[in-house]
$ cat work28.txt   # compact mmCIF, C-alpha atoms
# COMPACT_ATOMS: atom_id res chain seq x y z
CA MET A 1 -13.04 -4.48 -18.06
CA LEU A 2 -16.74 -4.97 -17.37
CA PHE A 3 -18.93 -6.40 -20.11
CA LEU A 4 -22.60 -5.52 -19.62
CA ARG A 5 -25.53 -5.82 -21.97
CA LEU A 6 -28.23 -3.78 -20.30
CA LEU A 7 -31.78 -4.65 -21.25
CA PRO A 8 -34.96 -2.78 -20.31
CA HIS A 9 -35.97 -3.85 -16.84
CA PRO A 10 -38.33 -2.65 -14.14
CA ARG A 11 -36.70 -1.00 -11.15
CA PRO A 12 -37.23 -2.77 -7.82
CA ARG A 13 -40.15 -1.71 -5.68
CA SER A 14 -39.43 0.65 -2.84
CA PRO A 15 -37.83 -1.19 0.10
CA LEU A 16 -39.57 1.28 2.41
CA ASP A 17 -42.92 -0.43 1.90
CA THR A 18 -44.03 -1.77 5.29
CA VAL A 19 -46.26 -4.39 3.64
CA ALA A 20 -43.23 -5.78 1.81
CA ARG A 21 -41.56 -6.45 5.13
CA VAL A 22 -44.52 -8.50 6.28
CA GLY A 23 -44.67 -10.37 2.97
CA ALA A 24 -41.00 -11.27 3.19
CA HIS A 25 -41.65 -13.36 6.30
CA ARG A 26 -44.31 -15.30 4.41
CA LEU A 27 -41.43 -16.54 2.28
CA ALA A 28 -39.33 -17.74 5.22
CA SER A 29 -39.43 -21.31 3.87
CA VAL A 30 -38.45 -22.36 0.36
CA ASN A 31 -41.74 -24.26 0.22
CA ASP A 32 -43.56 -20.93 0.56
CA ALA A 33 -42.05 -19.90 -2.75
CA SER A 34 -43.66 -22.78 -4.67
CA ALA A 35 -46.81 -20.78 -5.41
CA LEU A 36 -44.89 -17.97 -7.11
CA PRO A 37 -44.61 -17.73 -10.91
CA GLU A 38 -41.58 -19.62 -12.19
CA GLN A 39 -39.47 -16.58 -13.06
CA LYS A 40 -40.08 -14.88 -9.69
CA ARG A 41 -39.48 -18.14 -7.84
CA LYS A 42 -36.18 -18.69 -9.64
CA ARG A 43 -34.95 -15.17 -8.89
CA LEU A 44 -36.00 -15.51 -5.27
CA ILE A 45 -34.03 -18.71 -4.83
CA TYR A 46 -31.13 -18.00 -7.21
CA PRO A 47 -30.83 -14.18 -7.49
CA PHE A 48 -28.11 -14.36 -10.14
CA SER A 49 -30.69 -15.75 -12.57
CA GLY A 50 -32.27 -12.30 -12.68
CA LEU A 51 -28.97 -10.69 -13.66
CA GLU A 52 -27.69 -13.27 -16.13
CA PRO A 53 -29.75 -12.07 -19.14
CA HIS A 54 -28.11 -8.64 -18.78
CA LEU A 55 -24.57 -10.00 -19.04
CA ASP A 56 -22.69 -10.07 -22.31
CA ARG A 57 -22.17 -13.57 -23.70
CA SER A 58 -18.41 -13.19 -23.29
CA VAL A 59 -18.72 -13.09 -19.48
CA ASP A 60 -18.05 -16.44 -17.80
CA ARG A 61 -21.05 -17.40 -15.65
CA THR A 62 -19.24 -20.19 -13.80
CA PRO A 63 -17.96 -18.14 -10.82
CA PHE A 64 -21.55 -17.17 -9.99
CA GLN A 65 -22.97 -20.69 -10.02
CA LEU A 66 -20.40 -22.87 -8.26
CA PHE A 67 -22.72 -23.46 -5.33
CA HIS A 68 -26.10 -24.23 -6.84
CA PRO A 69 -27.98 -26.64 -4.55
CA CYS A 70 -31.11 -28.40 -5.71
CA MET A 71 -34.54 -27.92 -4.13
CA GLU A 72 -34.13 -31.13 -2.15
CA ASP A 73 -30.94 -29.78 -0.56
CA LEU A 74 -32.55 -26.43 0.21
CA THR A 75 -35.48 -28.14 1.91
CA GLU A 76 -33.18 -30.41 3.91
CA ALA A 77 -31.04 -27.47 5.05
CA GLU A 78 -34.09 -25.67 6.40
CA LYS A 79 -34.57 -28.32 9.06
CA LEU A 80 -31.44 -27.03 10.82
CA PHE A 81 -32.96 -23.57 11.10
CA ARG A 82 -36.22 -24.73 12.71
CA SER A 83 -36.05 -24.67 16.48
CA SER A 84 -37.58 -27.54 18.44
CA ALA A 85 -37.39 -29.11 21.88
CA ARG A 86 -34.53 -31.34 20.73
CA HIS A 87 -32.89 -28.78 18.48
CA LYS A 88 -33.04 -25.43 20.22
CA ILE A 89 -31.91 -22.29 18.42
CA ASP A 90 -31.28 -19.31 20.66
CA TYR A 91 -29.04 -16.45 21.64
CA HIS A 92 -26.30 -17.88 23.85
CA THR A 93 -24.08 -15.05 25.10
CA SER A 94 -22.04 -11.99 24.16
CA ALA A 95 -18.37 -11.19 24.54
CA GLU A 96 -16.32 -8.01 24.28
CA ARG A 97 -12.96 -9.78 24.08
CA MET A 98 -11.66 -13.15 23.00
CA ASP A 99 -10.98 -14.24 26.57
CA HIS A 100 -14.68 -13.68 27.30
CA ALA A 101 -15.85 -15.82 24.37
CA PRO A 102 -17.55 -19.11 25.27
CA GLN A 103 -15.58 -22.29 24.71
CA LEU A 104 -17.77 -24.21 22.29
CA LYS A 105 -16.88 -27.36 20.39
CA GLN A 106 -19.34 -27.26 17.51
CA PRO A 107 -18.33 -25.63 14.19
CA GLU A 108 -18.69 -21.88 14.07
CA VAL A 109 -19.42 -19.29 11.39
CA CYS A 110 -19.26 -15.54 11.85
CA PHE A 111 -20.85 -12.61 10.04
CA ILE A 112 -18.87 -9.39 9.75
CA GLY A 113 -19.20 -6.26 7.65
CA ARG A 114 -19.15 -2.49 7.51
CA SER A 115 -21.53 -0.68 9.86
CA ASN A 116 -25.03 -0.37 8.34
CA VAL A 117 -24.38 -3.18 5.84
CA GLY A 118 -27.53 -4.99 7.00
CA LYS A 119 -25.81 -7.68 9.05
CA SER A 120 -28.40 -7.99 11.82
CA SER A 121 -31.24 -7.93 9.28
CA LEU A 122 -29.58 -10.77 7.38
CA ILE A 123 -29.13 -12.87 10.51
CA LYS A 124 -32.77 -12.24 11.40
CA ALA A 125 -33.79 -13.46 7.92
CA VAL A 126 -31.60 -16.56 8.24
CA PHE A 127 -33.33 -17.37 11.55
CA SER A 128 -36.82 -16.41 10.32
CA LEU A 129 -38.03 -20.02 10.57
CA SER A 130 -37.52 -19.64 14.32
CA PRO A 131 -39.03 -16.20 15.04
CA GLU A 132 -38.53 -16.64 18.77
CA VAL A 133 -34.79 -16.14 18.25
CA GLU A 134 -34.10 -12.57 19.31
CA VAL A 135 -31.90 -10.70 16.85
CA ARG A 136 -31.83 -6.99 17.55
CA VAL A 137 -32.06 -4.81 14.44
CA SER A 138 -31.44 -1.07 14.67
CA LYS A 139 -31.84 1.74 12.14
CA LYS A 140 -28.69 3.33 13.56
CA PRO A 141 -25.37 2.08 12.13
CA GLY A 142 -22.90 0.50 14.52
CA HIS A 143 -25.56 -1.01 16.79
CA THR A 144 -23.60 -4.22 17.41
CA LYS A 145 -20.77 -3.54 19.87
CA LYS A 146 -20.02 -7.08 21.02
CA MET A 147 -19.61 -10.55 19.58
CA ASN A 148 -23.05 -12.15 19.86
CA PHE A 149 -23.21 -15.96 19.84
CA PHE A 150 -26.26 -17.88 18.60
CA ARG A 151 -26.36 -21.64 19.10
CA VAL A 152 -28.10 -23.75 16.47
CA GLY A 153 -28.75 -26.89 18.49
CA GLN A 154 -25.65 -29.05 18.62
CA ALA A 155 -24.96 -28.43 14.94
CA PHE A 156 -23.10 -25.12 14.88
CA THR A 157 -22.81 -21.60 16.29
CA LEU A 158 -23.38 -18.36 14.41
CA VAL A 159 -21.54 -15.26 15.62
CA ASP A 160 -22.71 -11.71 14.92
CA MET A 161 -19.53 -9.59 14.93
CA PRO A 162 -19.36 -5.81 15.47
CA GLY A 163 -19.33 -3.71 12.32
CA TYR A 164 -16.20 -1.97 11.10
CA GLY A 165 -15.87 1.54 9.69
CA HIS A 166 -18.36 4.19 10.81
CA ARG A 167 -19.19 3.95 14.54
CA ALA A 168 -17.17 0.79 15.00
CA PRO A 169 -16.17 -0.02 18.59
CA ARG A 170 -12.86 1.60 19.55
CA ASP A 171 -11.39 -1.79 20.38
CA PHE A 172 -12.69 -3.39 17.16
CA VAL A 173 -9.27 -4.63 16.01
CA ASP A 174 -8.38 -5.97 19.47
CA MET A 175 -11.70 -7.80 19.55
CA VAL A 176 -11.89 -9.23 16.02
CA GLU A 177 -8.32 -10.09 15.03
CA PRO A 178 -7.70 -12.43 18.00
CA TYR A 179 -11.02 -14.14 17.31
CA LEU A 180 -10.16 -14.79 13.67
CA ALA A 181 -6.63 -15.89 14.53
CA GLU A 182 -7.39 -18.08 17.55
CA ARG A 183 -10.89 -19.49 17.10
CA ARG A 184 -10.05 -23.07 16.13
CA ASN A 185 -13.65 -24.13 15.45
CA LEU A 186 -14.28 -21.23 13.04
CA VAL A 187 -14.99 -22.87 9.69
CA ARG A 188 -16.08 -19.86 7.60
CA MET A 189 -16.35 -16.10 7.84
CA PHE A 190 -19.10 -14.32 5.92
CA LEU A 191 -17.87 -10.89 4.84
CA LEU A 192 -20.86 -8.67 4.09
CA VAL A 193 -20.55 -5.95 1.45
CA ASP A 194 -23.30 -3.49 0.54
CA GLY A 195 -24.25 -4.56 -2.98
CA SER A 196 -25.87 -1.21 -3.76
CA VAL A 197 -22.61 0.73 -3.31
CA GLY A 198 -19.98 -1.96 -3.94
CA LEU A 199 -16.60 -2.48 -2.31
CA GLN A 200 -15.44 0.40 -0.13
CA LYS A 201 -11.96 1.10 1.24
CA ALA A 202 -12.88 -0.43 4.61
CA ASP A 203 -14.05 -3.62 2.83
CA LEU A 204 -10.73 -3.94 1.02
CA VAL A 205 -8.92 -3.59 4.35
CA ALA A 206 -11.11 -6.37 5.76
CA ILE A 207 -10.29 -8.59 2.76
CA GLU A 208 -6.58 -7.92 3.30
CA MET A 209 -6.95 -8.89 6.96
CA CYS A 210 -8.65 -12.18 6.04
CA GLU A 211 -5.94 -12.95 3.51
CA GLU A 212 -3.14 -12.24 6.00
CA MET A 213 -4.75 -14.60 8.51
CA ARG A 214 -5.64 -17.16 5.83
CA CYS A 215 -9.14 -17.26 7.20
CA PRO A 216 -11.61 -19.08 4.89
CA TYR A 217 -14.31 -16.60 3.97
CA VAL A 218 -17.04 -15.82 1.47
CA ILE A 219 -18.27 -12.43 0.28
CA VAL A 220 -21.99 -11.74 0.58
CA LEU A 221 -23.51 -8.79 -1.27
CA THR A 222 -26.41 -7.42 0.79
CA LYS A 223 -29.14 -4.90 -0.10
CA VAL A 224 -29.19 -5.99 -3.75
CA ASP A 225 -32.78 -4.73 -3.96
CA LYS A 226 -31.70 -1.13 -3.32
CA CYS A 227 -30.10 -0.36 -6.68
CA GLY A 228 -30.72 -0.81 -10.39
CA THR A 229 -29.49 -3.78 -12.41
CA GLY A 230 -26.63 -1.88 -14.06
CA THR A 231 -25.19 -0.70 -10.75
CA LEU A 232 -25.54 -4.12 -9.16
CA LEU A 233 -23.87 -5.84 -12.11
CA MET A 234 -20.89 -3.49 -12.04
CA ASN A 235 -20.48 -3.97 -8.28
CA LEU A 236 -20.83 -7.74 -8.61
CA LEU A 237 -18.29 -8.02 -11.43
CA ASN A 238 -15.88 -5.82 -9.51
CA VAL A 239 -16.17 -8.13 -6.50
CA LYS A 240 -15.58 -11.13 -8.77
CA ASP A 241 -12.44 -9.51 -10.20
CA VAL A 242 -11.10 -8.74 -6.71
CA ILE A 243 -11.73 -12.33 -5.61
CA GLN A 244 -9.96 -13.72 -8.66
CA THR A 245 -6.95 -11.38 -8.59
CA GLN A 246 -6.40 -10.47 -4.94
CA THR A 247 -7.51 -13.42 -2.82
CA SER A 248 -6.58 -17.01 -2.12
CA SER A 249 -8.77 -17.77 0.93
CA CYS A 250 -12.07 -16.47 -0.44
CA PHE A 251 -14.71 -18.78 -1.90
CA PRO A 252 -14.85 -17.90 -5.64
CA GLN A 253 -18.61 -17.25 -5.69
CA PRO A 254 -20.08 -14.07 -4.19
CA PHE A 255 -23.60 -14.51 -2.80
CA LEU A 256 -26.43 -12.09 -3.63
CA ILE A 257 -28.84 -11.30 -0.79
CA SER A 258 -31.89 -9.18 -0.08
CA SER A 259 -33.02 -9.63 3.50
CA LEU A 260 -36.11 -7.59 2.70
CA TYR A 261 -37.41 -9.80 -0.13
CA PHE A 262 -35.62 -13.00 0.95
CA TRP A 263 -33.61 -13.23 -2.29
CA GLY A 264 -30.80 -15.74 -1.81
CA ILE A 265 -31.62 -16.60 1.81
CA TYR A 266 -32.42 -20.26 1.09
CA VAL A 267 -29.12 -20.84 -0.71
CA LEU A 268 -27.18 -19.05 2.03
CA ARG A 269 -28.75 -21.28 4.67
CA CYS A 270 -27.79 -24.32 2.64
CA PHE A 271 -24.22 -23.08 2.27
CA ILE A 272 -23.95 -22.57 6.04
CA ALA A 273 -25.31 -26.07 6.66
CA HIS A 274 -22.82 -27.45 4.15
CA VAL A 275 -19.63 -25.72 5.38
CA THR A 276 -20.41 -26.57 9.02
CA GLY A 277 -20.65 -30.24 8.06
CA SER A 278 -24.28 -30.36 9.15
CA MET A 279 -25.48 -31.94 5.90
CA LYS A 280 -24.22 -33.56 2.73
CA LEU A 281 -25.41 -32.21 -0.58
CA LYS A 282 -27.14 -34.40 -3.12
CA ASN A 283 -25.25 -32.71 -5.94
CA THR A 284 -21.59 -31.68 -5.95
CA SER A 285 -20.44 -28.13 -5.25
CA ARG A 286 -17.09 -26.43 -4.75
CA SER A 287 -16.84 -24.88 -1.30

$ encode --input "work28.txt" --output "structure tokens"
Amino acid sequence: MLFLRLLPHPRPRSPLDTVARVGAHRLASVNDASALPEQKRKRLIYPFSGLEPHLDRSVDRTPFQLFHPCMEDLTEAEKLFRSSARHKIDYHTSAERMDHAPQLKQPEVCFIGRSNVGKSSLIKAVFSLSPEVEVRVSKKPGHTKKMNFFRVGQAFTLVDMPGYGHRAPRDFVDMVEPYLAERRNLVRMFLLVDGSVGLQKADLVAIEMCEEMRCPYVIVLTKVDKCGTGTLLMNLLNVKDVIQTQTSSCFPQPFLISSLYFWGIYVLRCFIAHVTGSMKLKNTSRS
């Protein structure tokens, strides 16, 4: 049962505003957020803080705050996402099948989700500190048809997987399942779910697949700026219940993300840096 205490709140500004897209890139670094008012800065960095006042006191907040890095950790993690001569971040290659995938030794993370979940936009936001990294974003769902590999120096590799569901590649299963089963350097899968509509049937199938393969994964709710607080809370609590009752390989905390307004991007970068072994946190977290 969901326990919500809805308070009056302003609805989010229209995500169709072109100026907002430009402004989002001005917040590519956590240091850029320092000039914002405290409440806006806190919601930008830790999006759950904007939802917490609307939750009934009986709801346990712990599952939403397990990974809560400090500002020092967030700043340190950003260094990995800044390309330089000695630490080059770039698109490496693409593969249609597992036997075409590059043999890389560094830790790997992959992003997967339903078509039109905002996967490419999220990856572009993650790499926004290195704008020269080419991440193709399309308004048409199902744009990604191959596994796209991005190398982050010698630290780790990020893989953009094809979307499932609507307009998924015909050989989606033959492409993805062998990768998840055989990729020995895969340390975490990021399963993207549209936060404005919640878990769909295809998402539940993807969760079942991850559980069968015992693949460590984390659920990321995207597009959290595209719905009201009540809808987002119900979708978030439903995801939490599914994680608690139907999974054993999923990280207990779902992450809240808006690629448009950069909500949650800094924490997600830090989590990626942490699970790939690229940095040690100053404070303890369960991951």

$ residues_around --input "work28.txt" --residues "region 273-285 of chain A" --least-positions-apart "2" --cutoff "10 Å" --atoms "only C-alpha atoms" --output "PyMOL selection string"
chain A and resi 65-74+76-81+106-109+154-157+185-188+267-271+287

$ closest_atom_pairs --input "work28.txt" --of "region 149-201 of chain A" --to "region 212-221 of chain A" --cutoff "10 Å" --atoms "only C-alpha atoms" --output "Markdown table"
| residue | atom | partner | partner_atom | distance |
| --- | --- | --- | --- | --- |
| A:Glu177 | CA | A:Met213 | CA | 8.7 |
| A:Leu180 | CA | A:Cys215 | CA | 7.0 |
| A:Ala181 | CA | A:Met213 | CA | 6.4 |
| A:Leu186 | CA | A:Cys215 | CA | 8.7 |
| A:Val187 | CA | A:Pro216 | CA | 7.0 |
| A:Arg188 | CA | A:Tyr217 | CA | 5.2 |
| A:Met189 | CA | A:Tyr217 | CA | 4.4 |
| A:Phe190 | CA | A:Val218 | CA | 5.1 |
| A:Leu191 | CA | A:Ile219 | CA | 4.8 |
| A:Leu192 | CA | A:Val220 | CA | 4.8 |
| A:Val193 | CA | A:Leu221 | CA | 4.9 |
| A:Asp194 | CA | A:Leu221 | CA | 5.6 |
| A:Gly195 | CA | A:Leu221 | CA | 4.6 |
| A:Ser196 | CA | A:Leu221 | CA | 8.3 |
| A:Val197 | CA | A:Leu221 | CA | 9.8 |
| A:Gly198 | CA | A:Leu221 | CA | 8.1 |
| A:Leu199 | CA | A:Leu221 | CA | 9.4 |

$ write_last_selection --input "work28.txt" --atoms "C-alpha atoms" --output "mmCIF file, keeping the file's coordinate frame"
data_model
loop_
_atom_site.group_PDB
_atom_site.id
_atom_site.type_symbol
_atom_site.label_atom_id
_atom_site.label_comp_id
_atom_site.auth_asym_id
_atom_site.auth_seq_id
_atom_site.Cartn_x
_atom_site.Cartn_y
_atom_site.Cartn_z
ATOM 1 C CA GLU A 177 -8.320 -10.090 15.030
ATOM 2 C CA LEU A 180 -10.160 -14.790 13.670
ATOM 3 C CA ALA A 181 -6.630 -15.890 14.530
ATOM 4 C CA LEU A 186 -14.280 -21.230 13.040
ATOM 5 C CA VAL A 187 -14.990 -22.870 9.690
ATOM 6 C CA ARG A 188 -16.080 -19.860 7.600
ATOM 7 C CA MET A 189 -16.350 -16.100 7.840
ATOM 8 C CA PHE A 190 -19.100 -14.320 5.920
ATOM 9 C CA LEU A 191 -17.870 -10.890 4.840
ATOM 10 C CA LEU A 192 -20.860 -8.670 4.090
ATOM 11 C CA VAL A 193 -20.550 -5.950 1.450
ATOM 12 C CA ASP A 194 -23.300 -3.490 0.540
ATOM 13 C CA GLY A 195 -24.250 -4.560 -2.980
ATOM 14 C CA SER A 196 -25.870 -1.210 -3.760
ATOM 15 C CA VAL A 197 -22.610 0.730 -3.310
ATOM 16 C CA GLY A 198 -19.980 -1.960 -3.940
ATOM 17 C CA LEU A 199 -16.600 -2.480 -2.310
#

$ residues_around --input "work28.txt" --residues "Trp263 (chain A)" --least-positions-apart "5" --cutoff "8 Å" --atoms "only C-alpha atoms" --output "compact mmCIF listing (two decimals) with C-alpha atoms, in the coordinates of the input"
# COMPACT_ATOMS: atom_id res chain seq x y z
CA ARG A 43 -34.95 -15.17 -8.89
CA LEU A 44 -36.00 -15.51 -5.27
CA ILE A 45 -34.03 -18.71 -4.83
CA TYR A 46 -31.13 -18.00 -7.21
CA PRO A 47 -30.83 -14.18 -7.49
CA LEU A 256 -26.43 -12.09 -3.63
CA ILE A 257 -28.84 -11.30 -0.79
CA SER A 258 -31.89 -9.18 -0.08

$ closest_residue --input "work28.txt" --among "A:Lys201, A:Arg82, A:Lys119, A:Arg136" --to "Gly163 (chain A)" --atoms "all atoms listed in the file"
A:Lys119

$ atom_distance --input "work28.txt" --atom1 "CA of Tyr91 (chain A)" --atom2 "CA of Met147 (chain A)"
11.3 Å

$ atom_distance --input "work28.txt" --atom1 "CA of Asp241 (chain A)" --atom2 "CA of Thr62 (chain A)"
13.2 Å

$ closest_residue --input "work28.txt" --among "A:Ala33, A:His54, A:Val176, A:Leu158" --to "Val126 (chain A)" --atoms "only C-alpha atoms"
A:Leu158

$ closest_residue --input "work28.txt" --among "A:Pro178, A:Pro63, A:Gly153, A:Gly264" --to "Ser84 (chain A)" --atoms "only C-alpha atoms"
A:Gly153

$ closest_residue --input "work28.txt" --among "A:Val133, A:Val242, A:Leu260, A:Cys110" --to "Glu208 (chain A)" --atoms "all atoms listed in the file"
A:Val242

$ atom_distance --input "work28.txt" --atom1 "CA of Phe149 (chain A)" --atom2 "CA of Ser248 (chain A)"
27.6 Å

$ closest_residue --input "work28.txt" --among "A:Arg61, A:Ile112, A:Ala95, A:Pro37" --to "Gln253 (chain A)" --atoms "all atoms listed in the file"
A:Arg61
